[in-house]
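Let me begin by presenting the structure, written as structure tokens, before commenting on it.
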Amino acid sequence: MRIVVDLNKCQGYAQCAFLAPDVFTMHGEEALLYNPLAAEEHRDAVARAAAACPVQAITVEGLHEGAPVEPVQVFTGAPWEPRDGR
Amino acid sequence: MAADYVDWLRREGRIVIVGASLAGLRAAETLREEGFTGSLTLIGDEPYDPYDRPPLSKSVLLGKASPRHTELPRRRHLDAEWRLGVPAAGLDLTGKRVLLADGEEVEYDRLLIATGVRARPWPVAEEAELDGVFVLRTRDDAVALTERLRAGAKRVVVIGAGFAGSEVASACREMGMEVTVAERAGAPLVGALGGVVGAVAADLQLENGVDLRTHVTVTALEGDPMGRVRSVHLSDESVVEADVVVVSLGSLRNTEWLTGSGLGAGPRGIASDAGCRAFDFRGIVTDDVFVAGDVARSPHALFGYQFLSLEHWGNAVAQAETAAHNMICPASDRRPHMWMPAFWSSQFGVNIKSVGVPPMGDELMIIQGSTAERRFVGVYGYKGRIVAGVTFDNARWLEYCQRQIEQGAPFPVEYPTMDRRPEGRKAVPADFPDPALPTHGPTVTLSGYSPADRRLVFTPGHH
Ligand SMILES: Cc1cc2nc3c(=O)[nH]c(=O)nc-3n(C[C@H](O)[C@H](O)[C@H](O)COP(=O)(O)OP(=O)(O)OC[C@H]3O[C@@H](n4cnc5c(N)ncnc54)[C@H](O)[C@@H]3O)c2cc1C
Ligand code: SF4
């Protein structure tokens, strides 16, 4: 699931980090870090976060049913092991 | 007749977009959203789906995201033809064709150019090729750099303390590496935010254990016999050992492919009118070639109609949307790109944001908080007006600053604010370096008229 946050809009309310902590984390007091490719298992949490963001800064691909997107082109490369930053 | 053309164009015209990244993708989506049903082609030299760059120097370096997966979410289905992995190599303006490097040609009725910028490489080629020397602009750059850092780098030297360089330094420190930053100016971020705010950024780096060297330039990169970078020589004659060097010297606009095309394109970007229509080299507006994103420069009413080049994420999105709209509507419905410049950065755990055009301001007032606490709101003034704002960990003030700029609010600021410290009661020089010195992106460049730019011999037209 592809995600992008418009960090110009984001005001660091941390709502998303509260609702989907595996995808969004606060870095310092105000700065937001997120994983642009969130695992499917977090879909519901991400959907809740996007809906709850007070400034609607979060865009998620294909979140709403009936919003078909083109098949994702996947290019090869070694699988990435996200480091657990916590 | 013009209206008939627009109708036909919207139904079955051919639109080609060169540059398949943020601006290109958002323009394509906007075209479809606004009812364009003709053929749509996106040409991109990178072999990847459009991806997002800001995470590359932030969550990716910190290991919280993969450099291979920052693809941008699609806002809708595009039904486009993608020509990825092949650069556009030329433009035939009269024949309305884009020439590809593989020899193919793509015809268009309307063209959008969104080829962005690339990282300025280390100027000495043999040194730039040393193993361990990196730039950071593309996904491939990020893969290479993160793999090397993960493999265990001991000392990273960052050349250039603009936003990108400072973010790299921040991430590397957070991961426990030794970091040296070498900067020509007196402090980090000086080109974008001036010396007063730059001093705060310098404190941040020092406190976080960065070995910050200012007022120096790098004179040479030295390699070992295996061709791996070993040390960095500075103009103060010091030498710093390094196993990774990140060259962060700003960017170059991707306009070379337009050389000789007749378009007004050069090292400062592609000039356009406020409606994103490109100028040709004579300063005459084209009506079928549009530009958007980092490669564009266009006049802005709020900033004295000076030409602005913005290397800002939000500008790429907004300008793409405006360009796309204008490409497929009648002249009377066109709208100007009047986006308020804005960007963010996060480094050393601090959220830095700005609106407006700080480098235009010659004075600065801290209207909230204090620079000593690194939590403040500053406004920049020029000729009695507020032209920009900057916040450190105070993002909620940004909207207010934006309104002040839009309303042409007076500077110096007269009213008292709740949290005004004595240091903020007075406007001080914002302390920007000579604009002729190169600065580091992502930032704002005022590229207004300069007679030095003239490349033509003036021959008055005949009637
Ligand atoms: C590491 C990093 C961090 C950043 N952080 C921030 C931030 O925190 N905040 C912020 O506001 N902005 C940030 N930015 C800037 C932001 O990413 C850019 O403003 C944005 O990417 C501009 O989009 P664009 O589509 O105009 O250009 P680009 O993203 O540069 O895309 C242009 C595309 O065109 C391709 N191209 C070039 N020439 C040709 C050709 N001849 N034929 C075909 N294709 C071609 C390029 O390869 C590229 O894919 C950052 C940028 C980087 C690199
Ligand atoms: S909820 Fe929205 S505003 Fe709050 S931190 Fe997340 S993205 Fe930012």
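Naming works like this for the structure tokens: A, B, ... for the chains as they're shown, residue 1 at the start of each chain, ligands 1 onward in shown order.
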Next on the checklist: ligand 2: which residues are within 12 Å, counting only C-alpha atoms and all ligand atoms? Reply as an MDAnalysis selection string.
Outcome noted: (chainID A and resid 3:21 23:34 46:60) or (chainID B and resid 351 395:396)
Next on the checklist: List as JSON, numbers by chain the protein and nucleic acid residues lying within 6 Å of ligand 1, with only C-alpha atoms and all ligand atoms counted.
Outcome noted: {"B": [18, 19, 20, 21, 22, 23, 24, 43, 44, 45, 46, 53, 54, 56, 57, 87, 88, 89, 114, 115, 116, 117, 136, 137, 164, 254, 257, 293, 294, 311, 312, 313, 314, 316, 343, 344, 345, 442]}
Next on the checklist: List the spatial neighbours of Asp287 in chain B as a PyMOL selection string - criterion: any atom at most 9 Å away, only C-alpha atoms, same-chain residues fewer than 3 positions off excluded.
Outcome noted: chain B and resi 110+277-279+290+327
Next on the checklist: Can you pull out every residue from range 10-158 of chain B that DSSP, working from the backbone, puts in alpha helix (DSSP H), and format the result as a ChimeraX atom specification?
Outcome noted: /B:10-12,22-33,125-128,139-150
Next on the checklist: Would you mind listing, as a PyMOL selection string, all residues of chain B that have at least one atom within 10 Å of chain A, where only C-alpha atoms are what counts?
Outcome noted: chain B and resi 47-49+51-52+54-55+58-60+62-80+143+175+312-314+342-355+392-399
Just the selected residues (C-alpha atoms), exported as an mmCIF file, in the first residue's frame, please.
data_model
loop_
_atom_site.group_PDB
_atom_site.id
_atom_site.type_symbol
_atom_site.label_atom_id
_atom_site.label_comp_id
_atom_site.auth_asym_id
_atom_site.auth_seq_id
_atom_site.Cartn_x
_atom_site.Cartn_y
_atom_site.Cartn_z
ATOM 1 C CA PRO B 47 13.199 2.927 -15.113
ATOM 2 C CA TYR B 48 10.884 3.260 -12.117
ATOM 3 C CA ASP B 49 7.342 4.164 -11.310
ATOM 4 C CA TYR B 51 8.533 7.847 -6.582
ATOM 5 C CA ASP B 52 8.855 10.334 -3.779
ATOM 6 C CA PRO B 54 11.951 13.651 0.328
ATOM 7 C CA PRO B 55 11.999 10.350 2.253
ATOM 8 C CA LYS B 58 15.030 11.100 5.946
ATOM 9 C CA SER B 59 13.163 7.852 6.708
ATOM 10 C CA VAL B 60 15.148 5.897 4.123
ATOM 11 C CA LEU B 62 17.159 6.054 9.069
ATOM 12 C CA GLY B 63 16.111 2.591 7.930
ATOM 13 C CA LYS B 64 12.405 3.238 8.393
ATOM 14 C CA ALA B 65 11.609 2.918 4.711
ATOM 15 C CA SER B 66 13.149 1.104 1.773
ATOM 16 C CA PRO B 67 14.934 3.178 -0.847
ATOM 17 C CA ARG B 68 13.300 0.865 -3.405
ATOM 18 C CA HIS B 69 9.808 1.610 -2.265
ATOM 19 C CA THR B 70 8.905 5.232 -2.020
ATOM 20 C CA GLU B 71 6.631 5.069 -5.072
ATOM 21 C CA LEU B 72 3.973 7.715 -5.057
ATOM 22 C CA PRO B 73 0.390 6.623 -4.526
ATOM 23 C CA ARG B 74 -1.747 7.121 -7.595
ATOM 24 C CA ARG B 75 -4.723 9.326 -7.104
ATOM 25 C CA ARG B 76 -6.608 7.642 -9.931
ATOM 26 C CA HIS B 77 -6.359 5.326 -12.885
ATOM 27 C CA LEU B 78 -4.358 6.978 -15.662
ATOM 28 C CA ASP B 79 -4.742 4.951 -18.823
ATOM 29 C CA ALA B 80 -1.404 6.254 -20.058
ATOM 30 C CA VAL B 143 20.111 2.391 -2.635
ATOM 31 C CA MET B 175 22.810 5.937 13.448
ATOM 32 C CA HIS B 312 9.912 22.389 -3.418
ATOM 33 C CA TRP B 313 7.715 19.334 -3.345
ATOM 34 C CA GLY B 314 4.516 21.327 -2.909
ATOM 35 C CA ALA B 342 6.518 26.429 1.206
ATOM 36 C CA PHE B 343 8.747 23.582 2.258
ATOM 37 C CA TRP B 344 9.696 21.485 5.221
ATOM 38 C CA SER B 345 12.788 19.744 6.459
ATOM 39 C CA SER B 346 13.466 17.709 9.532
ATOM 40 C CA GLN B 347 16.880 17.301 11.019
ATOM 41 C CA PHE B 348 18.265 16.525 14.445
ATOM 42 C CA GLY B 349 14.707 15.942 15.624
ATOM 43 C CA VAL B 350 13.586 19.466 14.731
ATOM 44 C CA ASN B 351 10.776 20.245 12.312
ATOM 45 C CA ILE B 352 11.828 23.155 10.108
ATOM 46 C CA LYS B 353 9.284 24.813 7.865
ATOM 47 C CA SER B 354 9.164 27.913 5.791
ATOM 48 C CA VAL B 355 6.706 29.891 3.661
ATOM 49 C CA PHE B 392 11.459 25.616 14.112
ATOM 50 C CA ASP B 393 9.119 23.169 15.882
ATOM 51 C CA ASN B 394 6.270 25.624 15.541
ATOM 52 C CA ALA B 395 4.503 24.471 12.381
ATOM 53 C CA ARG B 396 1.108 25.628 13.539
ATOM 54 C CA TRP B 397 2.186 29.227 13.040
ATOM 55 C CA LEU B 398 2.868 28.741 9.389
ATOM 56 C CA GLU B 399 -0.630 29.404 8.184
#
Item to check | Members of range 59-181 of chain B assigned strand (DSSP E) by DSSP, as a ChimeraX atom specification | outcome: /B:81-84,88-92,97-100,105-107,110-113,117-119,133-134,155-159,178-181
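Here CA of Glu414 in chain B stands at a distance of 17.3 Å from CA of Gln402 in chain B.
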Checklist entry - Please, what distance in Å, to one decimal, runs between CA of Val106 in chain B and CA of Thr41 in chain B? => result 8.6 Å
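Take the candidates B:Arg385, B:Arg184, B:Arg118, B:Arg230 and check each one against Val413 in chain B using only C-alpha atoms; the shortest distance goes to B:Arg385.
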